[in-house]
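Visitor: Input input.txt, format and content: compact mmCIF, C-alpha atoms.
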# COMPACT_ATOMS: atom_id res chain seq x y z
CA MET A 1 0.00 0.00 0.00
CA ASN A 2 1.39 3.34 -1.00
CA GLY A 3 1.19 5.45 2.12
CA SER A 4 2.59 8.64 0.63
CA GLY A 5 0.45 11.58 1.54
CA MET A 6 -1.74 9.60 3.94
CA LEU A 7 -0.64 11.46 7.06
CA PRO A 8 -1.10 14.91 5.47
CA ALA A 9 -4.56 13.79 4.35
CA MET A 10 -5.42 12.70 7.90
CA GLY A 11 -4.09 15.99 9.22
CA ALA A 12 -6.09 17.98 6.71
CA LEU A 13 -9.24 16.10 7.61
CA ILE A 14 -8.72 16.73 11.34
CA LYS A 15 -8.07 20.39 10.63
CA ARG A 16 -11.17 20.63 8.45
CA ASP A 17 -13.40 19.10 11.11
CA LEU A 18 -11.96 21.37 13.79
CA VAL A 19 -12.58 24.42 11.58
CA LEU A 20 -16.13 23.20 10.94
CA ALA A 21 -16.68 22.70 14.66
CA TYR A 22 -15.35 26.18 15.33
CA ARG A 23 -17.67 27.73 12.75
CA CYS A 24 -20.66 25.99 14.37
CA ARG A 25 -19.38 26.64 17.86
CA ALA A 26 -22.85 27.11 19.30
CA GLU A 27 -23.22 23.34 18.99
CA LEU A 28 -19.89 22.71 20.67
CA ALA A 29 -21.22 23.37 24.15
CA ASN A 30 -24.14 20.92 23.86
CA PRO A 31 -22.47 17.67 24.97
CA VAL A 32 -20.72 19.41 27.88
CA LEU A 33 -23.90 21.12 29.04
CA PHE A 34 -25.79 17.83 28.79
CA PHE A 35 -23.06 16.12 30.82
CA ALA A 36 -23.22 18.82 33.49
CA VAL A 37 -27.02 18.89 33.66
CA ILE A 38 -27.35 15.12 34.13
CA THR A 39 -24.71 15.16 36.83
CA VAL A 40 -26.41 18.02 38.64
CA LEU A 41 -29.80 16.26 38.48
CA PHE A 42 -28.60 13.35 40.60
CA PRO A 43 -28.05 15.15 43.94
CA LEU A 44 -31.47 16.73 43.40
CA SER A 45 -33.25 13.44 42.79
CA ALA A 46 -31.29 10.86 44.82
CA SER A 47 -29.94 12.47 47.94
CA PRO A 48 -27.94 15.57 48.81
CA ASP A 49 -26.22 13.61 51.58
CA ALA A 50 -22.44 13.89 51.15
CA GLU A 51 -21.68 10.24 51.92
CA THR A 52 -24.34 8.92 49.51
CA LEU A 53 -23.06 11.21 46.76
CA LYS A 54 -19.55 9.94 47.29
CA LEU A 55 -20.84 6.40 46.70
CA LEU A 56 -22.98 7.33 43.69
CA GLY A 57 -20.59 9.89 42.17
CA PRO A 58 -18.33 7.65 40.03
CA GLY A 59 -21.30 5.85 38.47
CA VAL A 60 -23.20 9.09 37.88
CA LEU A 61 -20.25 10.70 36.12
CA TRP A 62 -19.78 7.71 33.84
CA VAL A 63 -23.44 7.31 32.96
CA ALA A 64 -23.58 11.02 32.15
CA ALA A 65 -20.42 10.74 30.02
CA LEU A 66 -21.94 7.77 28.18
CA LEU A 67 -25.23 9.52 27.41
CA SER A 68 -23.45 12.68 26.38
CA ALA A 69 -21.22 10.66 24.04
CA ILE A 70 -24.27 9.08 22.39
CA LEU A 71 -25.93 12.46 22.00
CA SER A 72 -22.89 13.93 20.31
CA LEU A 73 -22.39 11.03 17.87
CA ASP A 74 -24.95 12.25 15.37
CA THR A 75 -22.65 15.05 14.23
CA LEU A 76 -19.88 12.60 13.30
CA PHE A 77 -21.06 11.53 9.82
CA ARG A 78 -24.45 13.23 9.43
CA SER A 79 -23.42 16.36 7.56
CA ASP A 80 -20.86 14.47 5.46
CA PHE A 81 -23.59 12.03 4.46
CA ASP A 82 -26.03 14.82 3.60
CA ASP A 83 -23.68 16.98 1.53
CA GLY A 84 -21.80 14.25 -0.31
CA ALA A 85 -18.45 14.76 1.43
CA LEU A 86 -18.76 11.16 2.64
CA GLU A 87 -18.94 9.85 -0.94
CA GLN A 88 -15.83 11.83 -1.79
CA MET A 89 -14.08 10.41 1.27
CA LEU A 90 -15.08 6.85 0.33
CA MET A 91 -13.58 7.44 -3.12
CA SER A 92 -10.31 8.83 -1.89
CA PRO A 93 -7.32 6.65 -2.83
CA HIS A 94 -6.13 6.84 0.78
CA PRO A 95 -6.98 3.87 3.01
CA LEU A 96 -10.47 4.48 4.34
CA PRO A 97 -9.78 3.28 7.92
CA ALA A 98 -6.99 5.88 8.21
CA LEU A 99 -9.33 8.70 7.18
CA ILE A 100 -11.90 7.38 9.65
CA VAL A 101 -9.38 7.43 12.49
CA ALA A 102 -8.78 11.10 11.65
CA LYS A 103 -12.50 11.87 11.69
CA VAL A 104 -13.14 10.04 14.96
CA PHE A 105 -10.12 11.68 16.57
CA ALA A 106 -11.32 15.16 15.52
CA HIS A 107 -14.76 14.33 16.86
CA TRP A 108 -13.28 13.21 20.18
CA LEU A 109 -11.27 16.45 20.38
CA VAL A 110 -14.42 18.56 20.18
CA THR A 111 -16.78 16.35 22.21
CA GLY A 112 -14.72 14.09 24.50
CA LEU A 113 -11.97 16.46 25.55
CA PRO A 114 -14.27 19.24 26.88
CA LEU A 115 -16.05 16.57 28.93
CA ILE A 116 -12.78 15.58 30.57
CA ALA A 117 -12.00 19.24 31.18
CA VAL A 118 -15.18 19.92 33.16
CA SER A 119 -15.24 16.57 34.99
CA PRO A 120 -13.10 17.67 38.00
CA ALA A 121 -15.54 20.46 38.84
CA LEU A 122 -18.49 18.08 38.64
CA ALA A 123 -16.63 15.46 40.67
CA LEU A 124 -16.09 17.95 43.47
CA LEU A 125 -19.77 18.86 43.24
CA LEU A 126 -20.55 15.18 43.90
CA ASN A 127 -18.27 15.27 46.92
CA LEU A 128 -15.58 13.04 45.41
CA PRO A 129 -12.30 13.51 47.30
CA PRO A 130 -9.65 15.53 45.40
CA GLN A 131 -7.21 12.59 45.48
CA ALA A 132 -9.60 10.66 43.19
CA LEU A 133 -9.38 13.32 40.48
CA PRO A 134 -6.20 12.08 38.74
CA VAL A 135 -7.71 8.60 38.36
CA LEU A 136 -11.00 10.11 37.14
CA LEU A 137 -9.18 12.17 34.52
CA LEU A 138 -7.07 9.24 33.39
CA ALA A 139 -10.07 6.89 33.26
CA LEU A 140 -12.04 9.40 31.19
CA ALA A 141 -9.05 10.04 28.92
CA LEU A 142 -8.81 6.30 28.22
CA GLY A 143 -12.55 5.62 28.17
CA THR A 144 -14.06 8.46 26.14
CA PRO A 145 -12.06 7.67 22.96
CA VAL A 146 -13.42 4.11 23.22
CA LEU A 147 -16.93 5.59 23.39
CA SER A 148 -16.17 7.61 20.25
CA PHE A 149 -14.74 4.68 18.28
CA VAL A 150 -17.45 2.19 19.25
CA GLY A 151 -20.20 4.78 18.83
CA ALA A 152 -18.89 5.58 15.36
CA ILE A 153 -19.66 2.01 14.28
CA GLY A 154 -23.26 2.50 15.37
CA ILE A 155 -23.62 5.89 13.71
CA ALA A 156 -22.02 4.59 10.51
CA LEU A 157 -24.69 1.88 10.38
CA THR A 158 -27.61 4.22 11.12
CA VAL A 159 -26.61 7.45 9.34
CA GLY A 160 -28.75 6.58 6.32
CA LEU A 161 -31.89 6.18 8.43
CA ARG A 162 -34.29 9.01 9.07
CA ASN A 163 -34.97 8.19 12.71
CA GLY A 164 -31.90 6.22 13.68
CA GLY A 165 -31.52 7.75 17.15
CA MET A 166 -33.22 5.07 19.20
CA LEU A 167 -31.75 2.27 17.13
CA LEU A 168 -28.33 3.79 17.64
CA ALA A 169 -28.77 3.80 21.42
CA LEU A 170 -29.99 0.19 21.38
CA LEU A 171 -27.08 -0.86 19.19
CA ILE A 172 -24.24 0.68 21.10
CA LEU A 173 -25.31 1.04 24.74
CA PRO A 174 -24.65 -2.68 25.35
CA LEU A 175 -21.22 -2.24 23.78
CA TYR A 176 -20.52 0.64 26.16
CA VAL A 177 -21.07 -1.55 29.23
CA PRO A 178 -17.43 -2.70 29.65
CA VAL A 179 -16.22 0.91 29.58
CA LEU A 180 -18.88 1.86 32.11
CA ILE A 181 -17.97 -0.99 34.47
CA PHE A 182 -14.22 -0.48 34.45
CA GLY A 183 -14.42 3.31 34.31
CA ALA A 184 -16.76 3.63 37.26
CA SER A 185 -14.92 0.91 39.16
CA ALA A 186 -11.58 2.71 38.73
CA VAL A 187 -12.99 5.95 40.14
CA HIS A 188 -14.69 4.02 42.97
CA ALA A 189 -11.41 2.45 43.94
CA ALA A 190 -9.71 5.84 43.92
CA VAL A 191 -12.43 7.36 46.09
CA PHE A 192 -11.76 4.72 48.74
CA GLN A 193 -8.01 5.05 48.29
CA LEU A 194 -7.59 1.63 46.72
CA ASP A 195 -5.35 0.71 43.81
CA ALA A 196 -7.11 1.48 40.50
CA SER A 197 -4.33 0.37 38.15
CA GLY A 198 -6.08 -2.88 37.18
CA GLN A 199 -9.17 -1.09 35.91
CA LEU A 200 -7.07 1.52 34.15
CA PHE A 201 -5.04 -1.17 32.39
CA LEU A 202 -8.26 -2.78 31.22
CA LEU A 203 -9.54 0.56 29.94
CA GLY A 204 -6.24 0.96 28.11
CA ALA A 205 -6.68 -2.48 26.58
CA LEU A 206 -10.20 -1.57 25.47
CA LEU A 207 -8.86 1.59 23.88
CA ALA A 208 -6.16 -0.34 22.02
CA LEU A 209 -8.78 -2.79 20.80
CA ALA A 210 -11.26 -0.11 19.76
CA ALA A 211 -8.71 2.12 18.04
CA THR A 212 -7.30 -0.73 15.97
CA LEU A 213 -10.42 -2.70 15.09
CA ALA A 214 -13.27 -0.17 15.05
CA PRO A 215 -11.93 1.81 12.02
CA TRP A 216 -12.26 -1.32 9.86
CA ALA A 217 -15.79 -1.96 11.09
CA ILE A 218 -16.72 1.70 10.50
CA ALA A 219 -15.22 1.55 6.99
CA GLY A 220 -17.27 -1.58 6.28
CA ALA A 221 -20.45 0.01 7.59
CA LEU A 222 -19.97 3.21 5.59
CA THR A 223 -19.30 1.26 2.39
CA LEU A 224 -22.47 -0.70 3.07
CA ILE A 225 -24.75 2.30 3.63
CA SER A 226 -23.42 4.23 0.62
CA GLY A 227 -24.93 1.57 -1.64
CA MET B 1 -18.57 26.56 -32.52
CA GLN B 2 -16.37 25.20 -29.80
CA GLN B 3 -15.06 27.20 -26.94
CA ARG B 4 -11.56 26.18 -25.94
CA CYS B 5 -9.85 26.55 -22.61
CA GLY B 6 -7.48 29.37 -23.32
CA HIS B 7 -5.94 29.38 -19.87
CA PRO B 8 -2.24 28.54 -20.15
CA LEU B 9 -2.24 26.54 -16.91
CA LEU B 10 -5.20 24.50 -17.96
CA GLN B 11 -3.52 22.81 -20.86
CA PRO B 12 -4.96 19.33 -20.79
CA GLN B 13 -2.55 16.62 -19.83
CA GLN B 14 -1.85 13.85 -22.32
CA HIS B 15 -3.45 10.57 -21.39
CA GLU B 16 -2.89 7.19 -22.99
CA THR B 17 -3.38 6.02 -26.55
CA LEU B 18 -6.70 6.97 -28.02
CA GLY B 19 -9.27 4.29 -28.58
CA GLU B 20 -7.86 1.81 -26.09
CA PRO B 21 -10.62 0.42 -23.85
CA VAL B 22 -10.07 1.50 -20.25
CA LEU B 23 -13.29 0.51 -18.55
CA ARG B 24 -15.47 -2.49 -19.23
CA ALA B 25 -18.83 -3.22 -17.68
CA HIS B 26 -19.94 -6.78 -18.12
CA ASP B 27 -23.45 -8.19 -17.59
CA LEU B 28 -24.49 -5.58 -15.03
CA VAL B 29 -27.76 -6.21 -13.26
CA CYS B 30 -29.30 -3.73 -10.87
CA THR B 31 -32.50 -4.07 -8.86
CA ARG B 32 -33.68 -1.26 -6.59
CA GLY B 33 -36.71 -1.56 -4.37
CA GLY B 34 -37.79 -4.81 -6.02
CA ARG B 35 -37.80 -3.24 -9.48
CA SER B 36 -35.31 -4.27 -12.10
CA LEU B 37 -33.57 -1.18 -13.45
CA PHE B 38 -31.37 -2.84 -16.01
CA SER B 39 -30.07 -6.28 -16.68
CA LYS B 40 -27.30 -7.73 -18.81
CA LEU B 41 -25.87 -4.31 -19.44
CA ASN B 42 -22.55 -4.30 -21.27
CA PHE B 43 -20.46 -1.35 -22.34
CA ILE B 44 -16.91 -0.26 -22.93
CA VAL B 45 -15.44 3.16 -22.31
CA LYS B 46 -12.37 3.91 -24.39
CA ALA B 47 -9.60 6.40 -23.86
CA GLY B 48 -10.55 9.62 -25.58
CA CYS B 49 -14.23 8.75 -25.59
CA ALA B 50 -17.25 9.94 -23.69
CA LEU B 51 -20.27 7.87 -22.83
CA ILE B 52 -23.48 9.80 -22.35
CA VAL B 53 -25.99 7.79 -20.34
CA GLU B 54 -29.52 8.68 -21.35
CA GLY B 55 -32.87 7.65 -20.01
CA ARG B 56 -35.95 8.89 -18.23
CA ASN B 57 -36.18 9.66 -14.52
CA GLY B 58 -35.82 6.49 -12.51
CA SER B 59 -34.29 4.49 -15.35
CA GLY B 60 -31.20 3.76 -13.26
CA LYS B 61 -28.70 6.30 -14.55
CA THR B 62 -27.49 7.34 -11.11
CA SER B 63 -27.39 3.72 -9.93
CA LEU B 64 -25.31 2.80 -12.95
CA LEU B 65 -22.82 5.60 -12.29
CA ARG B 66 -22.58 4.63 -8.62
CA ILE B 67 -21.93 1.01 -9.58
CA VAL B 68 -19.16 2.09 -11.94
CA CYS B 69 -17.71 4.22 -9.12
CA GLY B 70 -17.77 1.27 -6.72
CA LEU B 71 -20.14 3.08 -4.34
CA LEU B 72 -22.92 0.63 -5.08
CA ARG B 73 -22.59 -3.11 -5.63
CA ALA B 74 -24.32 -4.48 -8.70
CA ASP B 75 -26.58 -7.47 -8.08
CA HIS B 76 -24.67 -9.26 -10.75
CA GLY B 77 -21.88 -8.50 -13.18
CA GLU B 78 -18.55 -6.76 -12.91
CA VAL B 79 -16.76 -3.56 -13.72
CA ARG B 80 -13.14 -3.75 -14.80
CA TRP B 81 -10.65 -0.88 -14.90
CA ARG B 82 -7.78 -1.66 -17.28
CA GLY B 83 -8.67 -5.33 -17.00
CA GLU B 84 -8.80 -5.50 -13.20
CA LEU B 85 -11.92 -5.63 -11.04
CA ILE B 86 -12.40 -2.16 -9.55
CA HIS B 87 -12.67 -3.48 -5.99
CA LYS B 88 -9.32 -5.22 -6.35
CA VAL B 89 -7.46 -2.11 -7.50
CA ARG B 90 -9.27 0.40 -5.30
CA GLU B 91 -6.29 2.70 -4.73
CA GLU B 92 -5.18 2.89 -8.38
CA TYR B 93 -8.75 3.21 -9.62
CA TYR B 94 -9.63 6.07 -7.27
CA LYS B 95 -6.42 7.89 -8.18
CA ASP B 96 -7.66 7.80 -11.74
CA LEU B 97 -11.29 8.65 -11.11
CA ALA B 98 -13.06 11.93 -10.46
CA TYR B 99 -16.72 11.60 -9.50
CA ILE B 100 -19.23 14.37 -9.04
CA GLY B 101 -22.63 13.07 -8.10
CA HIS B 102 -25.93 14.77 -7.36
CA LEU B 103 -24.41 15.99 -4.12
CA ASN B 104 -21.63 18.49 -4.53
CA GLY B 105 -19.52 17.24 -1.64
CA LEU B 106 -18.90 20.80 -0.49
CA LYS B 107 -19.04 21.70 3.19
CA ALA B 108 -21.53 24.57 3.58
CA GLU B 109 -19.51 26.24 6.34
CA LEU B 110 -16.27 26.27 4.35
CA THR B 111 -15.38 28.58 1.49
CA PRO B 112 -15.01 27.15 -2.04
CA LEU B 113 -11.24 27.62 -1.66
CA GLU B 114 -11.09 25.62 1.58
CA ASN B 115 -13.27 22.94 0.04
CA LEU B 116 -11.00 22.58 -2.97
CA ARG B 117 -7.91 22.41 -0.77
CA ILE B 118 -9.42 19.49 1.12
CA THR B 119 -10.25 17.77 -2.16
CA GLN B 120 -6.66 18.25 -3.21
CA THR B 121 -5.27 16.47 -0.13
CA LEU B 122 -7.79 13.67 -0.33
CA ALA B 123 -6.97 13.06 -4.00
CA ALA B 124 -3.40 11.88 -3.26
CA THR B 125 -2.07 13.15 -6.59
CA THR B 126 -0.43 16.47 -7.39
CA PRO B 127 -3.13 18.73 -8.80
CA ARG B 128 -2.98 20.00 -12.38
CA THR B 129 -3.60 23.51 -11.19
CA SER B 130 -4.03 25.36 -7.93
CA PRO B 131 -7.43 25.70 -6.25
CA GLU B 132 -7.25 29.48 -6.82
CA LYS B 133 -6.76 29.09 -10.58
CA ALA B 134 -9.46 26.42 -10.81
CA LEU B 135 -11.93 28.77 -9.13
CA ALA B 136 -10.85 31.65 -11.35
CA HIS B 137 -11.51 29.52 -14.41
CA MET B 138 -15.00 28.79 -13.12
CA GLU B 139 -15.48 32.55 -12.58
CA LEU B 140 -15.88 32.05 -8.86
CA GLU B 141 -12.95 34.22 -7.81
CA PRO B 142 -15.11 36.94 -6.19
CA PHE B 143 -16.85 34.28 -4.12
CA SER B 144 -13.86 32.19 -3.16
CA LEU B 145 -13.84 33.56 0.40
CA LEU B 146 -17.56 33.27 1.10
CA PRO B 147 -18.91 30.19 2.84
CA CYS B 148 -20.55 27.85 0.32
CA ARG B 149 -23.80 28.24 2.26
CA ASP B 150 -24.04 31.79 0.86
CA LEU B 151 -23.52 30.76 -2.77
CA SER B 152 -26.32 30.08 -5.22
CA LEU B 153 -27.13 26.55 -6.33
CA GLY B 154 -25.38 27.06 -9.66
CA GLN B 155 -22.32 28.65 -8.08
CA ARG B 156 -22.00 25.69 -5.73
CA ARG B 157 -22.23 23.34 -8.70
CA ARG B 158 -19.49 25.27 -10.45
CA ALA B 159 -17.33 25.11 -7.34
CA ALA B 160 -17.78 21.32 -7.34
CA LEU B 161 -16.91 21.15 -11.05
CA ALA B 162 -13.75 23.19 -10.37
CA ARG B 163 -12.42 19.96 -8.87
CA LEU B 164 -12.15 18.56 -12.39
CA LEU B 165 -9.67 21.27 -13.31
CA MET B 166 -7.41 20.17 -10.48
CA SER B 167 -7.82 16.46 -11.01
CA ARG B 168 -5.32 14.30 -12.85
CA ALA B 169 -7.88 11.52 -13.20
CA ASN B 170 -8.31 9.83 -16.59
CA LEU B 171 -11.91 8.92 -15.95
CA TRP B 172 -14.52 11.49 -15.05
CA ILE B 173 -17.91 10.27 -13.90
CA LEU B 174 -20.44 13.07 -13.68
CA ASP B 175 -24.07 12.86 -12.66
CA GLU B 176 -26.05 15.78 -14.08
CA PRO B 177 -23.01 18.07 -14.05
CA LEU B 178 -24.88 20.94 -15.70
CA ALA B 179 -27.80 21.01 -13.28
CA GLY B 180 -28.50 24.56 -12.22
CA ILE B 181 -25.67 26.33 -13.99
CA ASP B 182 -26.14 29.22 -16.40
CA ARG B 183 -25.74 29.20 -20.18
CA LEU B 184 -22.29 30.81 -20.24
CA SER B 185 -20.95 28.38 -17.68
CA VAL B 186 -22.46 25.47 -19.58
CA ASP B 187 -20.33 26.42 -22.61
CA ARG B 188 -17.28 26.62 -20.41
CA VAL B 189 -17.92 23.24 -18.78
CA GLU B 190 -18.62 21.61 -22.13
CA GLY B 191 -15.30 23.01 -23.34
CA LEU B 192 -13.70 21.33 -20.35
CA PHE B 193 -15.27 18.00 -21.32
CA ARG B 194 -14.08 18.31 -24.92
CA ASP B 195 -10.53 19.13 -23.83
CA HIS B 196 -10.51 16.15 -21.49
CA VAL B 197 -11.69 13.79 -24.20
CA ASP B 198 -9.40 15.29 -26.85
CA ALA B 199 -6.46 14.72 -24.54
CA GLY B 200 -7.34 11.03 -24.31
CA GLY B 201 -9.32 11.11 -21.09
CA SER B 202 -12.61 9.29 -20.65
CA LEU B 203 -15.92 10.58 -19.49
CA ILE B 204 -19.20 9.06 -18.40
CA LEU B 205 -22.02 11.48 -17.78
CA THR B 206 -25.74 11.87 -17.53
CA SER B 207 -27.55 15.02 -18.48
CA HIS B 208 -31.13 16.02 -19.09
CA GLN B 209 -29.96 19.19 -20.75
CA PRO B 210 -29.20 18.90 -24.45
CA LEU B 211 -25.45 18.80 -24.86
CA SER B 212 -23.61 20.33 -27.77
CA LEU B 213 -21.12 17.50 -27.57
CA HIS B 214 -22.42 15.18 -30.24
CA GLN B 215 -19.38 14.55 -32.37
CA THR B 216 -16.92 11.73 -32.86
CA GLY B 217 -15.81 10.23 -29.60
CA PHE B 218 -19.16 10.82 -27.91
CA GLU B 219 -21.34 7.77 -27.67
CA SER B 220 -24.63 7.37 -25.95
CA LEU B 221 -26.11 4.57 -23.91
CA HIS B 222 -29.85 4.44 -23.49
CA LEU B 223 -31.40 3.00 -20.34
CA GLY B 224 -34.99 2.01 -19.75
If you convert what's in this file into structure tokens, what do you get?
Guide:
Amino acid sequence: MNGSGMLPAMGALIKRDLVLAYRCRAELANPVLFFAVITVLFPLSASPDAETLKLLGPGVLWVAALLSAILSLDTLFRSDFDDGALEQMLMSPHPLPALIVAKVFAHWLVTGLPLIAVSPALALLLNLPPQALPVLLLALALGTPVLSFVGAIGIALTVGLRNGGMLLALLILPLYVPVLIFGASAVHAAVFQLDASGQLFLLGALLALAATLAPWAIAGALTLISG
Amino acid sequence: MQQRCGHPLLQPQQHETLGEPVLRAHDLVCTRGGRSLFSKLNFIVKAGCALIVEGRNGSGKTSLLRIVCGLLRADHGEVRWRGELIHKVREEYYKDLAYIGHLNGLKAELTPLENLRITQTLAATTPRTSPEKALAHMELEPFSLLPCRDLSLGQRRRAALARLLMSRANLWILDEPLAGIDRLSVDRVEGLFRDHVDAGGSLILTSHQPLSLHQTGFESLHLG
């Protein structure tokens, strides 16, 4: 495979998607706001008691991150599908999985990264001890790209459908479960000052798996729906 | 009367020997929504020739073009590019193919210039001319810094067609390329087609507008 020019193409695609995100920056805040609102709803509905929140906190943060990731997925291929940029991408001589990695990475930069940035503030709001914050940040940094890669498979399969939203959630929420379990468990361990390295290693393994295999699945799905 | 591309930088590149078959479609069958669009369709596209696909609405023109592009799988049959199945030689085929479908493939939030630059990097070959010159040739220079969202339908189409000026592809596949563009631009685009074919390139297109292209080297294929 002739790889000449592949990296510049990936770079250009990332740059293009970041410019597009910047020009529609009103939409940029949506996933973060959604993440924050869900997190804030829990103390209001469950219990404002500090000890209860400390127990619930890790799970709440991860469920909110998961839902926010699903909500933000629609923007990944939707506009490209509607305006024909996806066709042009499918017909680029560059390897399709490489271009997809670039697109998913750009999407993570504008949706996943802001989530990680606001998570410490929300964690403190849920009464998580400050010493748990490094593990929370690391777990989110390893986990949210997995959510983006796995979610991209689902959105690639449903982008051609008019009302694919519910189907998308049904398709990928089960696949998100491992990330949820290990992510929440890592933060839990850190809250109670236990060793969280096992869970973090597993999250890292999931990321390696998702980043290497998902692009091929996404490429297959996109080729399928273009027909 | 033919209008020629007088632009010095738009001198057509020389392609291969004229008349040599480059693309062969064999026994193509396509069924959409339970309805058979065409079956046992055979055709050859030669270097220096254009194939104009004709037919009524819904006769399968777009499906045929998408099959030839590899975007859609035919129910039966095969498409060969220089003797090889197009799915086997994906990289080489796509380096040699420029496709403009119904959708322009332009991002509405980006300017025509930014859009063409992206096309250039995705194409993996050195462009024949710069995005600026391609836009100038399409008379879009005054609009090159406006977001495509603010352009008219015809201007957007011309911005999409400007890709052809940059492309080094031998085979152009164009679905209704003249849709929405004004008379003067039609002459210009038809000139572009003639230059491409004269230089030994190949062209497959559909058009509901009457084309002033009927001369040697232009064949038509009727569907339906």
Visitor: Between atom CA of A:Leu222 and atom CA of A:Ala169, what is the spacing in Å?
Guide: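 For atom CA of A:Ala169 relative to atom CA of A:Leu222, the distance reads 18.1 Å.
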Visitor: Could you check the closest approach to chain B for each of A:Gly59, A:Pro134, A:Gly143, A:Pro93 and tell me which residue wins, using only C-alpha atoms?
Guide: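 Using only C-alpha atoms, the shortest distance to chain B belongs to A:Pro93.
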Visitor: Using only C-alpha atoms and a cut-off of 7 Å, which residues of chain A sit close to chain B? Please list them as a PyMOL selection string.
Guide: chain A and resi 5+9+12+20+23+83-85+88+91-94+226-227
Visitor: Could you list, as a list in words, every residue within 10 Å of A:Leu142, counting all atoms listed in the file and ignoring same-chain residues fewer than 6 positions away?
Guide: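 Surrounding residues, per the criterion: Leu136, Val179, Gly183, Leu200, Phe201, Leu202, Leu203, Gly204, Ala205, Leu206, Leu207 and Ala208 of chain A.
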Visitor: Output C-alpha atoms for every residue in that selection, as a PDB file, in the coordinates of the input.
Guide:
ATOM      1  CA  LEU A 136     -11.000  10.110  37.140  1.00  0.00           C
ATOM      2  CA  VAL A 179     -16.220   0.910  29.580  1.00  0.00           C
ATOM      3  CA  GLY A 183     -14.420   3.310  34.310  1.00  0.00           C
ATOM      4  CA  LEU A 200      -7.070   1.520  34.150  1.00  0.00           C
ATOM      5  CA  PHE A 201      -5.040  -1.170  32.390  1.00  0.00           C
ATOM      6  CA  LEU A 202      -8.260  -2.780  31.220  1.00  0.00           C
ATOM      7  CA  LEU A 203      -9.540   0.560  29.940  1.00  0.00           C
ATOM      8  CA  GLY A 204      -6.240   0.960  28.110  1.00  0.00           C
ATOM      9  CA  ALA A 205      -6.680  -2.480  26.580  1.00  0.00           C
ATOM     10  CA  LEU A 206     -10.200  -1.570  25.470  1.00  0.00           C
ATOM     11  CA  LEU A 207      -8.860   1.590  23.880  1.00  0.00           C
ATOM     12  CA  ALA A 208      -6.160  -0.340  22.020  1.00  0.00           C
TER      13      ALA A 208
END
Visitor: Could you please determine the separation between atom CA of B:Val186 and atom CA of B:Ala159 in Å, to one decimal place?
Guide: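 A separation of 13.3 Å between them.
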Visitor: Work out how far apart atom CA of A:Pro43 and atom CA of A:Leu61 are and give it in Å to one decimal.
Guide: 11.9 Å
Visitor: Extract, using all atoms listed in the file, all DNA, RNA and protein residues at most 12 Å from B:Ser36, discarding same-chain residues fewer than 3 positions from it, and format them as number ranges by chain.
Guide: B: 28-33, 39-41, 58-60, 63, 74-76, 223-224
Visitor: Given the point (-21.9, 1.8, 3.7) in the file's coordinates, find the residues that have an atom at most 10 Å from it, counting only C-alpha atoms, and give them as a short mmCIF file (atom, residue, chain, number, x, y, z; two decimals) with C-alpha atoms, in the frame of the given file.
Guide:
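File point32.cif, as written:
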data_model
loop_
_atom_site.label_atom_id
_atom_site.label_comp_id
_atom_site.auth_asym_id
_atom_site.auth_seq_id
_atom_site.Cartn_x
_atom_site.Cartn_y
_atom_site.Cartn_z
CA LEU A 86 -18.76 11.16 2.64
CA GLU A 87 -18.94 9.85 -0.94
CA LEU A 90 -15.08 6.85 0.33
CA ALA A 156 -22.02 4.59 10.51
CA LEU A 157 -24.69 1.88 10.38
CA THR A 158 -27.61 4.22 11.12
CA VAL A 159 -26.61 7.45 9.34
CA GLY A 160 -28.75 6.58 6.32
CA ILE A 218 -16.72 1.70 10.50
CA ALA A 219 -15.22 1.55 6.99
CA GLY A 220 -17.27 -1.58 6.28
CA ALA A 221 -20.45 0.01 7.59
CA LEU A 222 -19.97 3.21 5.59
CA THR A 223 -19.30 1.26 2.39
CA LEU A 224 -22.47 -0.70 3.07
CA ILE A 225 -24.75 2.30 3.63
CA SER A 226 -23.42 4.23 0.62
CA GLY A 227 -24.93 1.57 -1.64
CA LEU B 71 -20.14 3.08 -4.34
CA LEU B 72 -22.92 0.63 -5.08
#
Visitor: Give the padded box for stretch 49-55 of chain A as JSON: axis-aligned, covering all atoms listed in the file, 6 Å on each side, centre and edge lengths in Å to one decimal.
Guide:
{"center_x": -22.9, "center_y": 10.1, "center_z": 49.3, "size_x": 18.7, "size_y": 19.5, "size_z": 17.2}
Visitor: From the options B:Ile181, B:Leu153, B:Val68, B:Leu116, which residue's atoms come nearest to B:Ile86, counting all atoms listed in the file?
Guide: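 Of all the options, B:Val68 lies closest to B:Ile86.
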Visitor: Which one is closest to A:Pro145: A:Ala64, A:Ala50, A:Ala196, A:Ala214? Count only C-alpha atoms.
Guide: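 For A:Pro145, the nearest of the given residues is A:Ala214.
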Visitor: Determine the nearest neighbour of B:Cys49 from the options B:Pro142, B:Glu20, B:Arg188, B:Leu165, counting only C-alpha atoms.
Guide: B:Glu20
